[in-house]
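Peer 1: Dropping in structure.txt, which is compact mmCIF, C-alpha atoms:
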```txt
# COMPACT_ATOMS: atom_id res chain seq x y z
CA MET A 27 124.71 -50.54 134.90
CA LYS A 28 121.47 -52.43 134.46
CA LEU A 29 118.31 -52.83 136.49
CA SER A 30 118.79 -55.09 139.53
CA LEU A 31 116.62 -53.72 142.36
CA ALA A 32 113.08 -52.35 142.35
CA SER A 33 110.38 -51.16 144.72
CA VAL A 34 106.67 -50.61 144.23
CA SER A 35 104.79 -47.96 146.17
CA VAL A 36 101.22 -46.67 146.13
CA ASP A 37 100.31 -43.14 147.20
CA LEU A 38 96.84 -43.55 148.72
CA ASP A 39 95.71 -39.98 148.04
CA PRO A 40 91.97 -39.60 148.64
CA LEU A 41 89.69 -38.27 145.91
CA ARG A 42 89.55 -34.85 147.58
CA CYS A 43 93.21 -34.32 146.61
CA TYR A 44 92.31 -34.50 142.93
CA HIS A 45 89.35 -32.17 143.37
CA HIS A 46 91.75 -29.80 145.12
CA ILE A 47 94.31 -29.99 142.29
CA HIS A 48 91.73 -29.23 139.62
CA GLY A 49 89.94 -26.51 141.56
CA LEU A 50 86.71 -28.49 141.81
CA GLY A 51 84.10 -28.43 144.56
CA PRO A 52 83.72 -30.84 147.49
CA VAL A 53 83.82 -34.59 146.89
CA PRO A 54 80.41 -36.31 147.20
CA GLU A 55 80.13 -37.76 150.70
CA GLN A 56 79.77 -41.34 149.46
CA LEU A 57 83.15 -41.06 147.68
CA THR A 58 85.29 -39.62 150.48
CA GLU A 59 86.83 -43.05 151.18
CA VAL A 60 86.51 -44.60 147.72
CA VAL A 61 90.28 -44.96 147.15
CA LEU A 62 90.86 -47.04 150.27
CA GLN A 63 87.54 -48.89 149.99
CA ARG A 64 87.74 -49.80 146.32
CA ALA A 65 91.27 -49.32 144.95
CA LEU A 66 93.33 -50.68 147.85
CA PRO A 67 91.72 -54.17 147.78
CA ARG A 68 92.38 -54.30 144.02
CA PHE A 69 96.05 -53.49 144.56
CA LEU A 70 96.33 -56.06 147.34
CA GLU A 71 94.84 -58.74 145.09
CA VAL A 72 97.36 -58.04 142.31
CA PHE A 73 100.29 -57.88 144.74
CA ASP A 74 99.23 -61.18 146.34
CA ARG A 75 98.83 -62.86 142.96
CA LEU A 76 102.35 -61.82 141.91
CA GLY A 77 104.01 -62.27 145.29
CA ILE A 78 105.02 -58.61 145.70
CA GLN A 79 105.39 -56.73 148.96
CA ALA A 80 104.83 -53.01 148.37
CA THR A 81 105.03 -49.73 150.26
CA LEU A 82 101.73 -47.95 150.89
CA PHE A 83 102.01 -44.22 151.59
CA VAL A 84 99.12 -43.37 153.89
CA VAL A 85 97.41 -40.04 154.56
CA GLY A 86 96.84 -40.20 158.31
CA ALA A 87 93.49 -38.39 158.28
CA ASP A 88 92.06 -41.24 156.17
CA ALA A 89 92.93 -43.92 158.73
CA LEU A 90 91.29 -42.64 161.90
CA ASP A 91 89.26 -44.87 164.20
CA GLY A 92 85.96 -45.83 162.58
CA MET A 93 87.03 -45.11 159.00
CA ALA A 94 86.49 -47.83 156.40
CA GLY A 95 90.10 -47.92 155.25
CA ARG A 96 91.62 -48.50 158.67
CA PRO A 97 91.08 -52.29 158.87
CA LEU A 98 92.25 -52.64 155.25
CA LEU A 99 95.50 -50.87 156.10
CA ARG A 100 96.00 -53.04 159.17
CA GLU A 101 95.46 -56.13 157.00
CA SER A 102 97.94 -54.75 154.47
CA ALA A 103 100.58 -54.50 157.18
CA ARG A 104 99.80 -58.04 158.33
CA LEU A 105 100.40 -59.24 154.76
CA GLY A 106 103.89 -57.73 154.82
CA HIS A 107 103.33 -54.43 153.05
CA GLU A 108 105.11 -51.39 154.44
CA LEU A 109 103.04 -48.44 155.67
CA GLY A 110 104.79 -45.16 154.85
CA ASN A 111 104.07 -41.63 156.01
CA HIS A 112 102.34 -39.33 153.49
CA SER A 113 101.57 -36.62 156.11
CA PHE A 114 98.40 -36.34 158.18
CA GLY A 115 96.26 -34.08 155.98
CA HIS A 116 98.13 -34.07 152.65
CA PRO A 117 98.69 -30.29 152.47
CA TYR A 118 100.27 -29.55 149.10
CA GLU A 119 102.13 -26.63 150.67
CA LEU A 120 103.75 -28.87 153.32
CA SER A 121 107.27 -28.08 152.09
CA ARG A 122 106.62 -24.35 152.68
CA LEU A 123 105.39 -24.68 156.26
CA THR A 124 107.48 -23.97 159.34
CA GLU A 125 109.45 -26.81 160.87
CA SER A 126 107.06 -27.00 163.82
CA GLU A 127 104.05 -27.25 161.48
CA ILE A 128 105.79 -29.92 159.40
CA GLU A 129 106.69 -31.88 162.53
CA HIS A 130 103.06 -31.82 163.67
CA GLU A 131 101.90 -33.22 160.30
CA LEU A 132 104.46 -36.02 160.33
CA LEU A 133 104.03 -37.03 163.96
CA ALA A 134 100.24 -37.04 163.73
CA CYS A 135 100.46 -39.46 160.82
CA GLU A 136 103.11 -41.58 162.56
CA GLN A 137 100.90 -42.01 165.61
CA ILE A 138 98.18 -43.52 163.43
CA LEU A 139 100.58 -45.69 161.46
CA ASP A 140 102.12 -47.11 164.63
CA GLU A 141 98.65 -48.34 165.62
CA LEU A 142 98.38 -50.21 162.31
CA ARG A 143 101.89 -51.51 161.68
CA VAL A 144 103.05 -55.01 162.48
CA GLY A 145 106.48 -55.22 164.07
CA THR A 146 108.77 -52.44 165.24
CA PRO A 147 107.05 -49.04 165.30
CA GLY A 148 108.72 -45.73 164.58
CA PRO A 149 109.50 -43.45 161.65
CA CYS A 150 110.87 -45.13 158.55
CA GLY A 151 109.84 -43.68 155.18
CA PHE A 152 108.12 -40.56 153.90
CA ARG A 153 106.80 -39.13 150.65
CA ALA A 154 105.73 -35.50 150.42
CA PRO A 155 102.48 -34.35 148.84
CA GLY A 156 103.17 -33.13 145.31
CA TYR A 157 106.79 -34.40 145.33
CA GLU A 158 108.00 -31.19 147.02
CA LEU A 159 111.02 -31.51 149.30
CA SER A 160 112.51 -28.44 151.01
CA PRO A 161 115.42 -27.87 153.41
CA GLN A 162 113.04 -27.43 156.37
CA LEU A 163 111.15 -30.62 155.50
CA LEU A 164 114.39 -32.56 155.14
CA ALA A 165 115.61 -31.15 158.45
CA VAL A 166 112.48 -32.39 160.24
CA LEU A 167 112.70 -35.83 158.63
CA SER A 168 116.32 -36.15 159.73
CA ARG A 169 115.61 -34.92 163.26
CA LEU A 170 112.70 -37.34 163.72
CA GLY A 171 114.82 -40.30 162.63
CA PHE A 172 113.24 -41.16 159.29
CA ARG A 173 115.49 -43.57 157.42
CA TYR A 174 114.50 -42.55 153.92
CA ASP A 175 112.56 -40.03 151.89
CA SER A 176 111.03 -40.68 148.48
CA SER A 177 109.74 -37.26 147.46
CA VAL A 178 112.14 -36.13 144.75
CA PHE A 179 110.73 -36.61 141.23
CA PRO A 180 113.48 -35.23 138.94
CA CYS A 181 111.30 -35.02 135.84
CA PRO A 182 111.45 -31.81 133.74
CA PRO A 183 108.65 -32.97 131.36
CA TYR A 184 106.28 -33.50 134.30
CA TYR A 185 107.27 -30.14 135.82
CA LEU A 186 106.58 -28.30 132.54
CA ALA A 187 103.23 -30.09 132.11
CA LYS A 188 102.28 -29.08 135.65
CA LEU A 189 103.16 -25.46 134.90
CA LEU A 190 100.90 -25.51 131.85
CA VAL A 191 97.97 -27.05 133.72
CA LEU A 192 98.17 -24.57 136.59
CA ALA A 193 98.53 -21.66 134.18
CA LYS A 194 95.45 -22.83 132.27
CA LEU A 195 93.45 -23.07 135.51
CA ARG A 196 94.48 -19.58 136.54
CA LEU A 197 93.52 -18.13 133.15
CA SER A 198 90.10 -19.75 133.46
CA GLY A 199 89.60 -18.22 136.90
CA GLN A 200 90.00 -21.50 138.81
CA ARG A 201 92.41 -21.99 141.67
CA SER A 202 94.40 -25.19 142.14
CA GLY A 203 95.46 -26.46 145.53
CA SER A 204 98.74 -27.66 144.05
CA ILE A 205 101.94 -25.61 144.12
CA ILE A 206 105.03 -25.16 141.96
CA GLY A 207 108.24 -26.11 143.72
CA SER A 208 111.87 -25.43 142.98
CA PRO A 209 112.89 -26.08 139.35
CA TRP A 210 116.32 -27.17 140.59
CA GLN A 211 114.81 -30.38 141.94
CA GLN A 212 114.20 -31.46 138.35
CA LEU A 213 117.96 -31.59 137.84
CA GLY A 214 118.68 -33.63 140.96
CA PRO A 215 120.06 -37.19 140.91
CA SER A 216 117.71 -39.77 139.43
CA GLN A 217 119.16 -42.62 141.51
CA PRO A 218 119.43 -42.99 145.31
CA TYR A 219 121.71 -40.55 147.15
CA ARG A 220 122.26 -38.82 150.46
CA PRO A 221 121.05 -35.23 150.09
CA ALA A 222 122.60 -32.03 151.34
CA LEU A 223 120.52 -30.64 154.21
CA ALA A 224 120.62 -27.11 152.79
CA ALA A 225 119.95 -28.23 149.20
CA PRO A 226 117.94 -31.50 149.04
CA SER A 227 118.34 -31.86 145.27
CA ARG A 228 122.14 -32.09 145.64
CA ARG A 229 124.31 -34.85 147.01
CA GLY A 230 125.48 -34.35 150.57
CA THR A 231 125.87 -36.03 153.94
CA ALA A 232 122.37 -36.09 155.43
CA PRO A 233 121.63 -39.13 157.62
CA ILE A 234 118.60 -39.91 155.47
CA VAL A 235 118.59 -41.71 152.10
CA GLU A 236 116.72 -40.12 149.20
CA LEU A 237 115.00 -42.62 146.86
CA PRO A 238 113.90 -40.58 143.81
CA VAL A 239 110.72 -41.54 141.98
CA ALA A 240 111.54 -43.32 138.72
CA VAL A 241 112.49 -41.48 135.55
CA THR A 242 114.29 -42.84 132.51
CA PRO A 243 117.94 -41.89 131.95
CA TRP A 244 118.89 -38.95 129.74
CA LEU A 245 115.40 -37.68 128.75
CA ARG A 246 114.05 -38.22 132.28
CA LEU A 247 110.64 -39.36 131.15
CA PRO A 248 108.21 -40.19 134.00
CA ALA A 249 108.15 -43.94 134.67
CA ILE A 250 105.21 -43.82 137.08
CA GLY A 251 101.84 -45.53 137.05
CA THR A 252 99.91 -42.65 135.52
CA PHE A 253 101.95 -42.97 132.32
CA LEU A 254 102.77 -46.69 132.40
CA LEU A 255 99.13 -47.73 132.55
CA LEU A 256 97.76 -45.39 129.85
CA SER A 257 99.36 -46.54 126.61
CA PRO A 258 100.98 -49.85 125.55
CA THR A 259 103.43 -48.00 123.29
CA LEU A 260 104.46 -45.52 125.97
CA ARG A 261 104.70 -48.35 128.49
CA GLN A 262 107.19 -50.24 126.33
CA VAL A 263 109.30 -47.11 125.79
CA LEU A 264 109.43 -46.32 129.50
CA LEU A 265 110.13 -49.88 130.63
CA HIS A 266 112.88 -50.29 128.03
CA GLY A 267 114.47 -47.07 129.26
CA MET A 268 114.37 -48.21 132.87
CA THR A 269 116.50 -51.28 132.16
CA ALA A 270 119.47 -48.88 132.20
CA GLN A 271 118.68 -47.64 135.71
CA PRO A 272 120.00 -49.88 138.53
CA PHE A 273 117.08 -49.03 140.84
CA PHE A 274 113.46 -48.69 139.66
CA ASN A 275 111.32 -46.85 142.21
CA LEU A 276 107.88 -47.43 140.70
CA GLU A 277 105.30 -45.04 142.11
CA LEU A 278 101.59 -45.73 141.70
CA HIS A 279 98.53 -43.90 142.99
CA GLY A 280 95.39 -45.35 144.48
CA ILE A 281 93.36 -43.68 141.74
CA ASP A 282 95.25 -45.83 139.19
CA LEU A 283 92.87 -48.69 140.02
CA ILE A 284 89.67 -46.68 140.23
CA ASP A 285 87.02 -47.24 137.56
CA ALA A 286 85.07 -44.08 136.73
CA LYS A 287 81.80 -45.84 135.88
CA GLN A 288 81.95 -48.70 138.35
CA ASP A 289 82.99 -46.46 141.25
CA GLY A 290 80.72 -43.52 140.39
CA ILE A 291 83.38 -40.84 139.91
CA PRO A 292 81.98 -37.38 139.02
CA ALA A 293 82.15 -36.52 135.32
CA GLU A 294 83.89 -33.20 136.00
CA LEU A 295 86.87 -35.02 137.53
CA VAL A 296 86.91 -37.74 134.86
CA ALA A 297 87.20 -35.03 132.19
CA ARG A 298 90.37 -33.72 133.84
CA GLN A 299 92.05 -37.03 134.73
CA PRO A 300 93.06 -39.07 131.63
CA ASP A 301 93.69 -42.15 133.77
CA LEU A 302 90.04 -42.18 134.84
CA GLN A 303 89.03 -42.43 131.19
CA VAL A 304 90.65 -45.89 130.92
CA PRO A 305 88.54 -48.89 132.04
CA LEU A 306 89.65 -50.73 135.16
CA TRP A 307 90.27 -54.07 133.42
CA GLN A 308 92.71 -52.39 131.04
CA LYS A 309 94.63 -50.71 133.85
CA GLN A 310 94.75 -53.94 135.86
CA ALA A 311 96.17 -55.83 132.89
CA ALA A 312 98.76 -53.11 132.32
CA LEU A 313 99.75 -53.15 136.00
CA VAL A 314 100.25 -56.91 135.92
CA GLU A 315 102.46 -56.50 132.83
CA VAL A 316 104.58 -53.84 134.56
CA LEU A 317 104.96 -55.85 137.76
CA ARG A 318 105.94 -58.97 135.84
CA PHE A 319 108.56 -56.89 134.05
CA LEU A 320 109.97 -55.85 137.42
CA ARG A 321 110.06 -59.43 138.69
CA ASP A 322 111.83 -60.57 135.51
CA HIS A 323 114.52 -57.90 135.68
CA ALA A 324 115.07 -57.16 139.37
CA GLN A 325 114.56 -58.15 142.96
CA VAL A 326 111.41 -56.37 144.15
CA VAL A 327 111.46 -55.22 147.79
CA PRO A 328 109.63 -52.58 149.89
CA LEU A 329 111.24 -49.15 149.98
CA ALA A 330 112.42 -49.63 153.57
CA VAL A 331 114.47 -52.66 152.50
CA ALA A 332 115.82 -50.83 149.45
CA ALA A 333 116.82 -47.87 151.63
CA GLN A 334 118.67 -50.11 154.06
CA ARG A 335 120.63 -51.86 151.31
CA LEU A 336 121.37 -48.77 149.26
CA GLY A 337 122.16 -46.71 152.35
CA GLN A 338 125.00 -49.06 153.20
CA LEU A 339 126.49 -48.44 149.76
CA LEU A 340 126.10 -44.67 150.17
CA ALA A 341 127.69 -44.54 153.63
```
Would it be possible to restate this file's structure as structure tokens?

Peer 2:
Amino acid sequence: MKLSLASVSVDLDPLRCYHHIHGLGPVPEQLTEVVLQRALPRFLEVFDRLGIQATLFVVGADALDGMAGRPLLRESARLGHELGNHSFGHPYELSRLTESEIEHELLACEQILDELRVGTPGPCGFRAPGYELSPQLLAVLSRLGFRYDSSVFPCPPYYLAKLLVLAKLRLSGQRSGSIIGSPWQQLGPSQPYRPALAAPSRRGTAPIVELPVAVTPWLRLPAIGTFLLLSPTLRQVLLHGMTAQPFFNLELHGIDLIDAKQDGIPAELVARQPDLQVPLWQKQAALVEVLRFLRDHAQVVPLAVAAQRLGQLLA
């Protein structure tokens, strides 16, 4: 089969998430909302220029009344972009919490999103912090009526790289806020499926559709923004590989369109994030190239639309 359907999503993780991952101190106060203030308008401009409607995964705590990103998110919804649930506070250990704690995180975010969405309110799509999906998280999503989840990232190379980074931090005496999930998820399906409630990385009969984050076939290389925007050579390899996958679930992060110098990002974070070492103009040009590739090879729709279409085939 060849590529025919694609979706573009942006995880709007605030800068504090990256400080948490790398065991750094608090984010400077003037940068607490930099991703929504600076990166989101850049994404919206590119999407508008190319006629793409995307899915924006929102951390609820960053869209409270009075916060700078709130009107931008409302405008995004008005422009036809989907607002997805990325939990209220982005706890990396969300998948390990009790079902009642998970439900509180999801419903608190949904309440905020319903105030910003245009059209029918209610749960639709979710992506977990750190790509970690557990049976209790899947159970809550199903019970609350979410139509799809897009948390599974079946990418052994990424998992191994994460292990190495966290091990290095521990050896240096630093503590990361990130966690290591089940290795079995790395062997899960790389294309949409209905998961088993007791084992989310296996096919089953759950009422929810799982839309895995994009990896290439066979080698399962990560076809996400962090890697697609860094190197022209790597970008060509990944995009070529994705032509053999019928659905391309392209995941981006807000930080992908942050410029370290222009946006005043602390040097200690820049040293740990390779994507922050690339100038904004270069990343914007790479993003346009990737999105044009998607338009040339597939129909590009928000994840909610993809889930509806693919769910009918998986029924």

Peer 1: So how many Å separate CA of Gly290 (chain A) and CA of Leu57 (chain A), to one decimal?

Peer 2: 8.1 Å

Peer 1: What's around Val235 (chain A) at 10 Å? Count only C-alpha atoms, leave out sequence neighbours fewer than 4 positions away in its own chain, and write the answer as a list in words.

Peer 2: Gly151, Ser168, Phe172, Arg173, Tyr174, Asp175, Ser176, Pro218, Tyr219, Arg220, Pro221, Thr231, Ala332, Ala333, Gln334, Leu336, Gly337, Gln338, Leu340 and Ala341 of chain A

Peer 1: Determine the nearest neighbour of Asp282 (chain A) from the options A:Leu213, A:Ala193, A:Ala249, A:Val61, counting only C-alpha atoms.

Peer 2: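 Nearest candidate to Asp282 (chain A) out of A:Leu213, A:Ala193, A:Ala249, A:Val61: A:Val61.
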
Peer 1: Show me the residues around (123.9, -47.2, 137.3) - criterion: an atom at most 7 Å away, all atoms listed in the file counted - as a list in words.

Peer 2: Met27, Lys28, Ala270, Gln271 and Pro272 of chain A

Peer 1: Using only C-alpha atoms, determine which residues lie at most 12 Å from region 252-256 of chain A, disregarding the query and same-chain residues fewer than 6 positions distant; provide the list as an MDAnalysis selection string.

Peer 2: chainID A and resid 36:37 184 240:241 262:266 268 276:284 299:317 319

Peer 1: Here is a test: counting all atoms listed in the file, which residue of A:Pro243, A:Pro147, A:Pro67, A:Pro226 is nearest to Cys181 (chain A)?

Peer 2: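 Closest to Cys181 (chain A) of all the choices is A:Pro243.
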
Peer 1: Hey, can you check how far CA of Glu125 (chain A) sits from CA of Leu192 (chain A)?

Peer 2: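 For CA of Glu125 (chain A) relative to CA of Leu192 (chain A), the distance reads 26.9 Å.
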
Peer 1: Just the number, please: distance in Å from CA of Ala87 (chain A) to CA of His112 (chain A), one decimal.

Peer 2: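 For CA of Ala87 (chain A) relative to CA of His112 (chain A), the distance reads 10.1 Å.
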
Peer 1: For Ala80 (chain A), work out the shell of residues within 8 Å, counting only C-alpha atoms and skipping chain neighbours fewer than 6 positions away, then give it as a PDB file with C-alpha atoms, keeping the file's coordinate frame.

Peer 2:
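For reference, selection_32.pdb as written:
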```
ATOM      1  CA  SER A  33     110.380 -51.160 144.720  1.00  0.00           C
ATOM      2  CA  VAL A  34     106.670 -50.610 144.230  1.00  0.00           C
ATOM      3  CA  SER A  35     104.790 -47.960 146.170  1.00  0.00           C
ATOM      4  CA  VAL A  36     101.220 -46.670 146.130  1.00  0.00           C
ATOM      5  CA  PHE A  73     100.290 -57.880 144.740  1.00  0.00           C
ATOM      6  CA  HIS A 107     103.330 -54.430 153.050  1.00  0.00           C
ATOM      7  CA  GLU A 108     105.110 -51.390 154.440  1.00  0.00           C
ATOM      8  CA  VAL A 327     111.460 -55.220 147.790  1.00  0.00           C
ATOM      9  CA  PRO A 328     109.630 -52.580 149.890  1.00  0.00           C
ATOM     10  CA  LEU A 329     111.240 -49.150 149.980  1.00  0.00           C
TER      11      LEU A 329
END
```
